[in-house]
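Coordinates as given in protein.txt (compact mmCIF, C-alpha atoms and all ligand atoms):
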# COMPACT_ATOMS: atom_id res chain seq x y z
CA MET E 18 70.76 153.85 54.52
CA TYR E 19 72.31 150.37 54.55
CA ARG E 20 70.10 147.44 53.65
CA VAL E 21 70.81 144.42 55.85
CA GLY E 22 69.39 141.04 54.86
CA TYR E 23 68.67 138.39 57.50
CA LEU E 24 67.06 134.98 57.88
CA GLY E 25 63.48 135.95 58.63
CA PRO E 26 60.63 136.37 59.11
CA LYS E 27 60.37 138.69 62.10
CA GLY E 28 60.99 136.97 65.42
CA THR E 29 64.01 134.86 64.42
CA PHE E 30 67.22 134.73 66.37
CA THR E 31 68.95 136.18 63.32
CA GLU E 32 66.73 139.24 63.61
CA MET E 33 67.89 139.53 67.23
CA ALA E 34 71.50 139.49 66.01
CA VAL E 35 70.71 142.27 63.50
CA ASN E 36 69.05 144.34 66.24
CA GLY E 37 72.00 143.89 68.54
CA LEU E 38 74.59 144.76 65.90
CA PHE E 39 73.05 147.75 64.18
CA GLN E 40 71.20 150.87 65.21
CA ASP E 41 68.35 152.59 63.43
CA ASN E 42 70.54 153.63 60.49
CA ILE E 43 69.82 150.39 58.63
CA GLN E 44 66.85 148.93 56.85
CA SER E 45 66.48 145.22 57.66
CA VAL E 46 65.21 142.98 54.89
CA SER E 47 63.86 139.51 55.69
CA TYR E 48 64.70 136.45 53.55
CA LYS E 49 63.07 133.05 53.80
CA THR E 50 66.24 130.97 53.65
CA ILE E 51 69.95 131.31 54.39
CA PRO E 52 70.92 130.88 50.69
CA ALA E 53 68.39 133.56 49.67
CA CYS E 54 69.94 135.94 52.20
CA ILE E 55 73.47 135.24 50.94
CA ASP E 56 72.36 135.57 47.29
CA ALA E 57 70.87 138.98 48.09
CA VAL E 58 74.29 140.27 49.19
CA GLU E 59 75.92 138.79 46.11
CA SER E 60 73.38 140.37 43.74
CA GLY E 61 73.52 143.76 45.49
CA ASP E 62 69.89 143.59 46.71
CA THR E 63 71.30 144.19 50.17
CA ASP E 64 74.57 145.75 51.32
CA LEU E 65 75.10 143.26 54.13
CA GLY E 66 73.70 139.89 55.17
CA VAL E 67 73.53 138.26 58.61
CA VAL E 68 73.35 134.46 58.88
CA PRO E 69 73.91 131.90 61.67
CA ILE E 70 77.13 129.90 61.49
CA GLU E 71 77.53 127.91 64.72
CA ASN E 72 75.56 126.95 67.81
CA ALA E 73 77.06 125.97 71.17
CA ILE E 74 74.88 122.84 71.48
CA GLU E 75 74.41 121.68 67.92
CA GLY E 76 77.62 122.83 66.24
CA SER E 77 78.06 124.35 62.80
CA VAL E 78 75.19 125.51 60.63
CA HIS E 79 76.29 123.46 57.64
CA LEU E 80 73.92 125.17 55.23
CA THR E 81 75.71 128.49 55.82
CA LEU E 82 79.24 127.07 55.71
CA ASP E 83 78.61 124.97 52.61
CA TYR E 84 76.83 127.72 50.73
CA LEU E 85 79.62 130.19 51.45
CA ILE E 86 82.28 127.70 50.42
CA HIS E 87 80.74 125.95 47.44
CA GLN E 88 78.33 128.50 45.99
CA VAL E 89 78.76 132.15 46.92
CA PRO E 90 82.14 132.98 48.50
CA LEU E 91 81.45 136.29 50.23
CA PRO E 92 83.88 137.61 52.84
CA ILE E 93 82.94 137.52 56.51
CA VAL E 94 83.30 141.05 57.93
CA ALA E 95 82.04 140.66 61.52
CA GLU E 96 80.79 138.09 63.97
CA ALA E 97 78.18 138.38 66.71
CA THR E 98 77.53 135.87 69.48
CA VAL E 99 73.95 135.93 70.74
CA PRO E 100 72.41 134.14 73.77
CA ILE E 101 69.79 131.60 72.65
CA THR E 102 66.78 130.78 74.81
CA GLN E 103 64.28 128.34 73.35
CA HIS E 104 60.64 128.22 74.47
CA LEU E 105 57.72 125.98 73.61
CA LEU E 106 55.10 128.22 72.00
CA VAL E 107 51.42 127.40 71.50
CA HIS E 108 48.35 129.16 70.14
CA PRO E 109 46.54 131.14 72.88
CA SER E 110 43.46 128.96 72.30
CA PHE E 111 45.39 125.81 73.31
CA ARG E 112 44.03 124.65 76.66
CA GLY E 113 45.50 121.14 76.80
CA GLU E 114 48.52 119.68 78.51
CA MET E 115 51.96 119.55 76.99
CA LYS E 116 51.72 115.82 76.27
CA GLU E 117 48.69 116.45 74.04
CA ILE E 118 50.76 118.41 71.51
CA GLU E 119 50.62 116.51 68.24
CA LYS E 120 53.22 118.30 66.19
CA ILE E 121 56.21 120.55 66.91
CA TYR E 122 57.48 122.97 64.27
CA SER E 123 60.89 124.56 64.23
CA HIS E 124 64.23 125.06 62.55
CA THR E 125 66.49 121.96 62.60
CA GLN E 126 69.03 123.71 64.84
CA ALA E 127 66.35 124.69 67.38
CA ILE E 128 64.82 121.19 67.48
CA ALA E 129 68.29 119.70 67.90
CA GLN E 130 68.95 122.02 70.85
CA CYS E 131 65.82 120.66 72.60
CA HIS E 132 65.97 116.92 71.78
CA GLN E 133 66.13 115.76 75.40
CA PHE E 134 63.25 118.01 76.41
CA ILE E 135 61.10 116.67 73.58
CA HIS E 136 62.12 113.07 74.27
CA GLN E 137 61.22 113.36 77.95
CA ASN E 138 58.04 115.42 77.68
CA ILE E 139 56.41 115.11 74.26
CA PRO E 140 57.96 111.95 72.79
CA TYR E 141 55.05 111.11 70.47
CA ALA E 142 54.74 114.50 68.78
CA ASP E 143 55.66 114.66 65.10
CA LEU E 144 58.51 117.01 64.27
CA GLU E 145 58.27 119.30 61.27
CA TYR E 146 61.23 121.38 60.15
CA THR E 147 60.74 124.97 59.06
CA THR E 148 63.20 127.39 57.49
CA SER E 149 63.42 129.34 60.78
CA THR E 150 61.97 129.49 64.28
CA GLY E 151 60.07 132.62 63.19
CA GLU E 152 58.38 130.68 60.41
CA ALA E 153 57.46 127.93 62.91
CA ALA E 154 55.75 130.54 65.12
CA GLN E 155 53.90 131.91 62.06
CA VAL E 156 52.59 128.42 61.22
CA VAL E 157 51.29 127.84 64.76
CA HIS E 158 49.71 131.30 64.73
CA SER E 159 47.83 130.52 61.51
CA LYS E 160 46.89 126.87 62.19
CA GLY E 161 46.22 126.84 65.96
CA GLY E 162 45.07 123.47 67.36
CA ASN E 163 47.38 121.09 69.21
CA LEU E 164 50.50 122.41 67.52
CA ALA E 165 53.60 123.96 69.04
CA ALA E 166 56.59 125.90 67.80
CA ILE E 167 60.04 126.17 69.30
CA GLY E 168 61.30 129.74 69.23
CA ASN E 169 62.07 132.83 71.27
CA GLU E 170 60.03 135.35 73.23
CA ARG E 171 60.08 137.90 70.40
CA ALA E 172 58.42 135.34 68.13
CA ALA E 173 55.78 134.70 70.83
CA ASN E 174 55.04 138.45 70.97
CA GLU E 175 55.21 138.96 67.21
CA TYR E 176 52.73 136.16 66.44
CA GLY E 177 50.57 136.35 69.58
CA LEU E 178 51.57 132.94 70.95
CA THR E 179 51.70 131.74 74.55
CA ILE E 180 54.88 130.40 76.14
CA LEU E 181 53.81 126.97 77.46
CA ASN E 182 57.28 126.07 78.71
CA SER E 183 60.30 128.31 78.85
CA ASP E 184 64.03 127.59 78.61
CA ILE E 185 63.58 124.18 77.02
CA HIS E 186 67.06 123.96 75.43
CA ASP E 187 68.93 120.95 76.80
CA TYR E 188 72.07 122.69 78.04
CA PRO E 189 72.56 126.11 79.66
CA ASN E 190 74.92 128.64 78.07
CA ASN E 191 73.27 128.23 74.72
CA HIS E 192 74.74 130.70 72.22
CA THR E 193 74.81 131.03 68.44
CA ARG E 194 77.46 132.80 66.39
CA PHE E 195 76.23 134.85 63.47
CA VAL E 196 78.38 136.26 60.70
CA VAL E 197 77.99 139.47 58.74
CA LEU E 198 78.70 139.17 55.01
CA ARG E 199 79.50 141.98 52.62
CA LYS E 200 80.41 142.22 48.97
CA LYS E 201 81.58 145.80 48.54
CA GLU E 202 84.38 147.42 50.50
CA ASP E 203 82.00 149.74 52.38
CA PRO E 204 82.42 150.19 56.13
CA VAL E 205 80.19 148.05 58.35
CA PRO E 206 77.85 150.36 60.35
CA ILE E 207 78.01 148.47 63.66
CA HIS E 208 77.11 150.63 66.66
CA GLU E 209 79.28 151.09 69.73
CA LEU E 210 79.55 147.48 70.82
CA LYS E 211 82.71 146.47 72.61
CA LYS E 212 84.95 144.48 70.28
CA GLN E 213 85.92 141.10 71.77
CA GLY E 214 89.01 140.70 69.63
CA VAL E 215 89.63 139.88 66.00
CA LYS E 216 89.65 136.53 64.28
CA THR E 217 90.54 135.09 60.88
CA THR E 218 88.79 132.17 59.23
CA ILE E 219 90.67 130.20 56.59
CA MET E 220 89.95 127.19 54.48
CA VAL E 221 92.70 124.64 53.89
CA THR E 222 92.52 121.85 51.33
CA LEU E 223 95.12 119.11 51.61
CA PRO E 224 96.82 117.98 48.39
CA ARG E 225 96.02 114.32 49.18
CA ASP E 226 95.55 112.03 52.13
CA TYR E 227 98.86 111.01 53.71
CA ALA E 228 100.12 110.17 57.20
CA GLY E 229 100.69 113.29 59.28
CA ALA E 230 99.15 115.73 56.76
CA LEU E 231 96.90 117.44 59.30
CA HIS E 232 99.73 117.47 61.85
CA GLN E 233 101.88 119.39 59.37
CA VAL E 234 99.08 121.89 58.78
CA LEU E 235 98.61 122.46 62.51
CA SER E 236 102.32 122.79 63.19
CA ALA E 237 102.52 125.73 60.75
CA PHE E 238 100.36 127.58 63.31
CA SER E 239 101.67 126.06 66.52
CA TRP E 240 105.35 126.94 66.19
CA ARG E 241 104.32 130.52 65.34
CA LYS E 242 102.21 130.46 68.55
CA MET E 243 99.07 131.29 66.59
CA ASN E 244 96.04 130.22 68.65
CA LEU E 245 93.33 128.25 66.85
CA SER E 246 89.81 128.56 68.26
CA LYS E 247 88.14 126.08 65.93
CA ILE E 248 88.96 123.44 63.37
CA GLU E 249 86.35 121.55 61.47
CA SER E 250 86.47 119.23 58.50
CA ARG E 251 83.76 119.38 55.85
CA PRO E 252 83.30 117.12 52.85
CA MET E 253 84.57 118.53 49.56
CA LYS E 254 81.53 116.91 47.90
CA THR E 255 83.82 115.26 45.36
CA GLY E 256 83.67 111.75 46.84
CA LEU E 257 83.79 109.90 50.14
CA GLY E 258 86.87 110.65 52.22
CA ASN E 259 87.67 114.01 50.56
CA TYR E 260 87.66 116.80 53.10
CA PHE E 261 88.82 120.34 53.57
CA PHE E 262 89.37 122.14 56.87
CA ILE E 263 87.87 125.35 58.17
CA ILE E 264 90.20 126.88 60.72
CA ASP E 265 89.53 129.88 62.97
CA VAL E 266 92.69 131.64 64.10
CA ASP E 267 92.41 133.99 67.05
CA GLN E 268 94.12 136.98 65.48
CA GLU E 269 93.94 139.45 62.64
CA TYR E 270 95.38 138.54 59.25
CA ASP E 271 98.83 140.10 59.05
CA ASP E 272 101.71 140.11 56.61
CA VAL E 273 104.20 138.44 58.93
CA LEU E 274 102.85 135.44 60.84
CA PHE E 275 99.86 134.77 58.62
CA SER E 276 101.53 135.12 55.30
CA GLY E 277 104.39 132.93 56.65
CA ALA E 278 101.94 130.22 57.73
CA LYS E 279 100.10 130.48 54.42
CA ALA E 280 103.31 130.16 52.40
CA GLU E 281 104.34 127.15 54.50
CA LEU E 282 101.01 125.43 53.87
CA GLN E 283 101.20 126.20 50.16
CA ALA E 284 104.72 124.74 50.07
CA LEU E 285 103.16 121.52 51.43
CA GLY E 286 100.79 121.55 48.46
CA CYS E 287 97.75 122.82 50.41
CA GLU E 288 95.31 125.30 48.94
CA VAL E 289 94.59 128.12 51.39
CA SER E 290 91.89 130.74 51.15
CA VAL E 291 90.89 133.40 53.65
CA LEU E 292 87.15 133.60 54.35
CA GLY E 293 87.56 136.77 56.38
CA THR E 294 89.47 138.61 59.07
CA TYR E 295 86.94 140.35 61.27
CA PRO E 296 85.99 141.76 64.69
CA LYS E 297 84.00 139.66 67.17
CA TYR E 298 81.13 141.06 69.22
CA MET E 299 79.16 139.63 72.10
CA ILE E 300 75.52 140.70 72.16
CA THR E 301 73.64 140.65 75.45
CA THR E 302 69.87 140.86 75.83
CA ARG E 303 70.35 144.51 76.85
CA GLU E 304 71.58 145.39 73.35
CA ILE E 305 68.66 143.76 71.54
CA LYS E 306 65.94 146.33 71.22
CA SER E 307 62.38 145.06 71.41
O1 LIG E 401 65.50 130.10 63.10
C1 LIG E 401 66.04 131.10 63.60
O2 LIG E 401 65.49 131.81 64.42
C2 LIG E 401 67.40 131.44 63.19
O3 LIG E 401 67.77 132.57 63.28
C3 LIG E 401 68.31 130.32 62.76
C4 LIG E 401 69.02 129.62 63.92
C5 LIG E 401 70.18 128.71 63.37
O4 LIG E 401 70.24 128.42 62.21
O5 LIG E 401 70.98 128.27 64.21
C6 LIG E 401 69.65 130.63 64.77
C7 LIG E 401 69.80 130.44 66.10
C8 LIG E 401 69.30 129.26 66.80
O6 LIG E 401 70.44 128.43 66.99
C9 LIG E 401 68.31 128.50 66.00
C10 LIG E 401 68.11 128.75 64.68
Taking this structure as input, can you express it in the form of structure tokens?
Amino acid sequence: MYRVGYLGPKGTFTEMAVNGLFQDNIQSVSYKTIPACIDAVESGDTDLGVVPIENAIEGSVHLTLDYLIHQVPLPIVAEATVPITQHLLVHPSFRGEMKEIEKIYSHTQAIAQCHQFIHQNIPYADLEYTTSTGEAAQVVHSKGGNLAAIGNERAANEYGLTILNSDIHDYPNNHTRFVVLRKKEDPVPIHELKKQGVKTTIMVTLPRDYAGALHQVLSAFSWRKMNLSKIESRPMKTGLGNYFFIIDVDQEYDDVLFSGAKAELQALGCEVSVLGTYPKYMITTREIKS
């Protein structure tokens, strides 16, 4: 049986992604942080790991990207997009009004997705960041009082909390992309979800900063008609102004177009590495078992 690590505890959105991706033939193992989950795959404690990588409202999960790039470079072997619905959760003994909440706990990404709601309804509450929305729900469960957590309905059920206000994320169509990481070449036991295409993520480091450098990189893809679905720059952490680019290309890595583009970039002096070429899945609430 495969062991699949995820950002826990129970009741996180990452656990929802694991439930949607895999059937009962896996054993899910909860980790407290994203780096701990990635380390577990690297050390062989788990066969696979599932971590969030990007949210529709708040953008990239930098902790995941940076850890994969600078610390533990594991290949991405699948991606799952999951609908994200944030609720304001309180202890069942809370009888007050929303404005009486003194402190809100949640993951940075979840709080960021609800900034307007908080600003308009509970502007004086302190914000305390937790390692996940599930952990936030655990804290409110154990402390009670005038505290709230931001998290999902599963967390409310798991920790016996009441939903004081539902759908509090600031924009509709809130989704998060999760990636599946693997070290060994074993197959990935994803159940019969419909594949939504294949994608390749690469990292490009420019040789130095010069006029038109990024334009040259992009043209290696554009004249080959390779569609890019994302480009993001991240600091190399070697000094201000030093960046590399993470580029998602909407197709599988192949030996013709891709290796041509790669060779062209290398001829320009760029370093190119492939973070993964992998299937994409869309998970709906129907696929997430309770
Ligand atoms: O805290 C959780 O529940 C997570 O699974 C992490 C995470 C994230 O890092 O983006 C996942 C989805 C939501 O966007 C909010 C938080």
Can you report as JSON the centre and edge lengths in Å, to one decimal, of an axis-aligned box around the listed atoms of ligand LIG 401 (chain E) padded with 4 Å on each side?
{"center_x": 68.2, "center_y": 130.4, "center_z": 64.6, "size_x": 13.5, "size_y": 12.3, "size_z": 12.8}
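Shortest atom-to-atom contact with E:Met253 among E:Ala95, E:Leu82, E:Leu285, E:Ala127: E:Leu82, counting only C-alpha atoms.
Nearest residue to ligand LIG 401 (chain E) among E:Ala129, E:Val94, E:Val221, E:Val89 is E:Ala129, counting all atoms listed in the file.
A distance cut-off of 6 Å from ligand LIG 401 (chain E), applied to all atoms listed in the file, picks out the residues Leu24, Thr29, Phe30, Thr31, Pro69, Asn72, Val78, His124, Gln126, Ala127, Ser149, Thr150, Gly151 and Thr193 of chain E.
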Exercise for the section: Please return, as a ChimeraX atom specification, all polymer residues that have at least one atom within 12 Å of the point (85.8, 148.1, 56.7); use all atoms listed in the file and the file's own coordinate frame. Expected result: /E:92-95,197-207,293-296
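Compared by their closest atoms to E:Gly277, and using all atoms listed in the file, the residues E:Leu80, E:Ala230, E:Val157, E:Met243 rank with E:Met243 nearest.
For the pair atom CA of E:Arg171 and atom CA of E:Ile185, the separation is 15.6 Å.
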Completion exercise
Closest of E:Leu282, E:Ile86, E:Ala166, E:Thr125 to E:Ile263, counting only C-alpha atoms, is E:Ile86
Problem - Between atom CA of E:Thr102 and atom CA of E:Glu75 - distance in Å to one decimal - result: 13.7 Å
